[in-house]
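A.B. asks: Next up is a structure, given as C-alpha cells.
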Amino acid sequence: MRTVPAMLATLSLARSGLDRAAHRRDEAGLVGTLLNRPTTRVLVLIGDQAVVTTDDAAPALVLRPGPELAHLGDRLGDAGAGAAGGTAGVMVGDGAGDPAAASPLTAYLGTDAAGHDHVLIALPPGGRSAEDASPPADGTSRLAVLREVGAGLDDTDAGLFTCALALANWHATHPRCSRCGAPTRVAAAGWTRRCPACATDHFPRTDPAVIMSVVDEQDRLLLGHQAVWPDKRFSTLAGFVEPGESLEAAVRREVGEEVGLEVGEVAYQGSQPWPFPSSLMLAFRARALTTQIRVDGDELEQARWWSREELALDVATGELLLPPPLSVSRSLIEQWFGGPIRDAGASWR
Ligand SMILES: [Zn+2]
C-alpha cells in the first residue's frame, strides 16, 4: 500500500494574504473613513462576480482606490465615500423589491502586508450602481465568478474574493431577524446584523460539509456519480453535517447512506471555504471495511472502485471526467493518486 501525504497541499480557496484585523470592526465610521482614503483598495462584487484582469493565465482582481467609488457614495448610506463620520456598513435601498435583500453592502475585509486597507462593496446586479461599477469596454478587465478564476488568483486575491463572496452571500440571504422577523441592519463594519426591534446580534454563518476519499483494503478509490450530473462525471462523496453530529459521524453516515459501505478509520486532511453559497468543506480520508457497493439511487446514481491504473486510463481516454482543480474533491483524488492528474479534456466545473 502506498504512503500518501498526511494532509492535503494548500487548497486554492483556503489561501489568504490578509490580516482581517477584527478588532477594528467596531471603530466608529470605519468603512466610510477608509473609502475616503486613496490608499484603500475596494473590491466591488456585482452579484457573485468581481472585476478581474483579462490575463487568463494569471488573473488578478481589479481593486480600486476608495475615492474612485465616490460616485456610488450617495447610494451607500452612511458608509458612503462622502460620509467619513457615519455608521459603518448601513444598507440602503437601491431600487424596488425588498430593500434589505437587494441593497449595496459595504464591509471592512482587512489589511494586506503592505498596509493597504481593503473594503468590500457588494452591489445587487442589474441596478444603476452595478452599471456604474462594471468594467470599462477597453478589454483590460472583465467580470468573473470565483469558480472560474479562484485557482489562478494569487494568495491575497483568492482570500479576498472568497471572504467577500461568503460574507455577501450571508447578508443577501439574511435580511431579517430569525427571532422576531424584523428587518435587521448591518453593524460592525459588515460583520454583524443587528435587530433594532429585539436587539439581537446575528453573525455570519458557515455550513460545515464533510467530503471524503473512501479507500478499500486494496487501496482502490471510490467515486460516485450524481443523477443530476452529465455523463462520465464522478467525484468523491460529500454531505452536510447535521445538527448534533460530529464530523467523523457525518463521514460514516454519508458513506453508509449513499453507497452502503461500512467505514473504519476516518482521518482529517484539511479544509477549504466553499462559498457557493455558504459551505466550509472539511476533507477526510475514510477506510472502507466492506467493498460491496449499494447505491442509494436517489442522490447518487452510480458508484464504483478505481485502482490507480484504471483511473489513469479512464481519465486519459475521456471515460472519466474529474472535478476541477479548485475543488477539495480534486485534491483528495490527487492525494490518493500520488500526484497531479492531467485532464484529457476540460475538467468540469
Ligand atoms: Zn429581532
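Naming works like this for the C-alpha cells: A, B, ... for the chains as they're shown, residue 1 at the start of each chain, ligands 1 onward in shown order.
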Using only C-alpha atoms, which protein or nucleic acid residues come within 8 Å of Thr156 of chain A? Drop anything in the same chain fewer than 6 positions from it, and give the result as a PDB file with N, CA and C atoms, in the first residue's frame.
C.D. replies:
```
ATOM      1  N   ARG A  15      -6.436  29.856   0.772  1.00  0.00           N
ATOM      2  CA  ARG A  15      -5.296  30.769   0.860  1.00  0.00           C
ATOM      3  C   ARG A  15      -5.757  32.156   1.307  1.00  0.00           C
ATOM      4  N   SER A  16      -4.823  32.916   1.878  1.00  0.00           N
ATOM      5  CA  SER A  16      -5.140  34.283   2.275  1.00  0.00           C
ATOM      6  C   SER A  16      -3.865  35.079   2.473  1.00  0.00           C
ATOM      7  N   GLY A  17      -3.895  36.356   2.132  1.00  0.00           N
ATOM      8  CA  GLY A  17      -2.744  37.209   2.401  1.00  0.00           C
ATOM      9  C   GLY A  17      -3.154  38.404   3.233  1.00  0.00           C
ATOM     10  N   LEU A  18      -4.339  38.311   3.825  1.00  0.00           N
ATOM     11  CA  LEU A  18      -4.910  39.475   4.502  1.00  0.00           C
ATOM     12  C   LEU A  18      -5.028  39.243   6.007  1.00  0.00           C
ATOM     13  N   ASP A 112      -3.603  44.331   4.078  1.00  0.00           N
ATOM     14  CA  ASP A 112      -2.598  43.442   3.487  1.00  0.00           C
ATOM     15  C   ASP A 112      -1.203  43.730   4.042  1.00  0.00           C
TER      16      ASP A 112
END
```
A.B. asks: As a ChimeraX atom specification, please: every protein or nucleic acid residue near ligand 1 (cut-off 8 Å, counting only C-alpha atoms and all ligand atoms).
C.D. replies: /A:176-184,194-200
A.B. asks: Please provide as number ranges by chain all residues within 10 Å of segment 273-275 of chain A, with the sequence filter that same-chain residues fewer than 4 positions apart are discarded (counting only C-alpha atoms).
C.D. replies: A: 11-15, 48, 146-147, 159, 161-170, 206-209, 279-282, 326-328
A.B. asks: Keeping only C-alpha atoms, write the selected residues to a file as a compact mmCIF listing (two decimals), in the first residue's frame.
C.D. replies:
```txt
# COMPACT_ATOMS: atom_id res chain seq x y z
CA LEU A 11 -6.23 24.33 -1.29
CA SER A 12 -6.96 27.20 -3.70
CA LEU A 13 -9.70 28.88 -1.68
CA ALA A 14 -8.03 28.26 1.69
CA ARG A 15 -5.30 30.77 0.86
CA ASP A 48 -21.34 36.89 -7.37
CA LEU A 146 -14.85 32.76 -8.17
CA ARG A 147 -15.23 29.21 -9.56
CA GLY A 159 -8.59 35.01 0.03
CA PHE A 161 -12.67 37.07 -3.26
CA THR A 162 -13.56 34.03 -1.13
CA CYS A 163 -14.16 36.06 2.02
CA ALA A 164 -16.08 38.77 0.17
CA LEU A 165 -18.36 36.29 -1.58
CA ALA A 166 -19.07 34.30 1.60
CA LEU A 167 -19.91 37.47 3.51
CA ALA A 168 -22.05 38.95 0.73
CA ASN A 169 -23.94 35.66 0.31
CA TRP A 170 -24.80 35.60 4.00
CA THR A 206 -20.91 28.84 7.60
CA ASP A 207 -22.39 25.41 6.87
CA PRO A 208 -19.95 22.55 7.59
CA ALA A 209 -19.87 19.78 5.00
CA SER A 279 -20.17 25.91 2.90
CA LEU A 280 -16.95 25.00 4.66
CA MET A 281 -15.62 21.76 3.17
CA LEU A 282 -13.88 19.51 5.72
CA LEU A 326 -10.41 24.37 -7.47
CA SER A 327 -12.29 21.64 -5.60
CA VAL A 328 -11.36 19.72 -2.46
```
A.B. asks: I want to know what sits within 7 Å of segment 289-295 of chain A, based on only C-alpha atoms, with residues of the same chain fewer than 5 positions away left out; could you give that as a ChimeraX atom specification?
C.D. replies: /A:216,258-264,300-303
A.B. asks: Rank A:Ala58, A:Ile46, A:His171, A:Pro277 by their smallest atom-to-atom distance to Leu123 of chain A, using only C-alpha atoms, and report the top residue only.
C.D. replies: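 Closest to Leu123 of chain A of all the choices is A:Ile46.
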A.B. asks: To test your reading of the structure, identify every residue in segment 50-219 of chain A that backbone DSSP assigns to helix (DSSP H, G or I), and report it as a VMD selection string.
C.D. replies: chain A and resid 66 to 75 77 to 79 128 to 133 146 to 149 155 to 173 188 to 190
A.B. asks: One decimal, in Å: what's the spacing between atom CA of Glu27 of chain A and atom CA of Ser278 of chain A?
C.D. replies: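 So the answer is 27.0 Å.
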A.B. asks: Could you work out how far atom CA of Leu61 of chain A lies from atom CA of Asp155 of chain A, giving the answer in Å with one decimal?
C.D. replies: 11.3 Å
A.B. asks: DSSP on the backbone, strand (DSSP E) only: what residues of segment 5-235 of chain A does that give? Format it as a ChimeraX atom specification.
C.D. replies: /A:18-19,41-46,49-53,64-65,105-112,117-123,141-145,185-187,192-194,201-202,207-215,221-226
A.B. asks: Within 7 Å of Thr106 of chain A, counting only C-alpha atoms, which residues qualify if same-chain residues fewer than 5 places away don't, as a list of chain:residue names?
C.D. replies: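 Near neighbours after the sequence-gap exclusion: A:Gly89, A:Leu120, A:Ile121, A:Ala122, A:Gly190.
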A.B. asks: Which residue, A:Gln335, A:Leu45, A:His118, A:Ala250, has the smallest gap to Thr33 of chain A when you use only C-alpha atoms?
C.D. replies: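 The answer is A:His118, which sits nearest to Thr33 of chain A.
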A.B. asks: Just how far from atom CA of Gly345 of chain A is atom CA of Phe234 of chain A, in Å to one decimal?
C.D. replies: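 Atom CA of Phe234 of chain A sits 14.6 Å away from atom CA of Gly345 of chain A.
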A.B. asks: Measuring atom to atom with only C-alpha atoms, identify which of A:Ala133, A:Met7, A:Val149, A:Leu109 is nearest to Ala188 of chain A.
C.D. replies: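 Ranking A:Ala133, A:Met7, A:Val149, A:Leu109 by distance to Ala188 of chain A, first place goes to A:Leu109.
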A.B. asks: Taking only C-alpha atoms into account, which of A:Asp19, A:Asp201, A:Glu299, A:Asp56 comes nearest Gly239 of chain A?
C.D. replies: A:Glu299
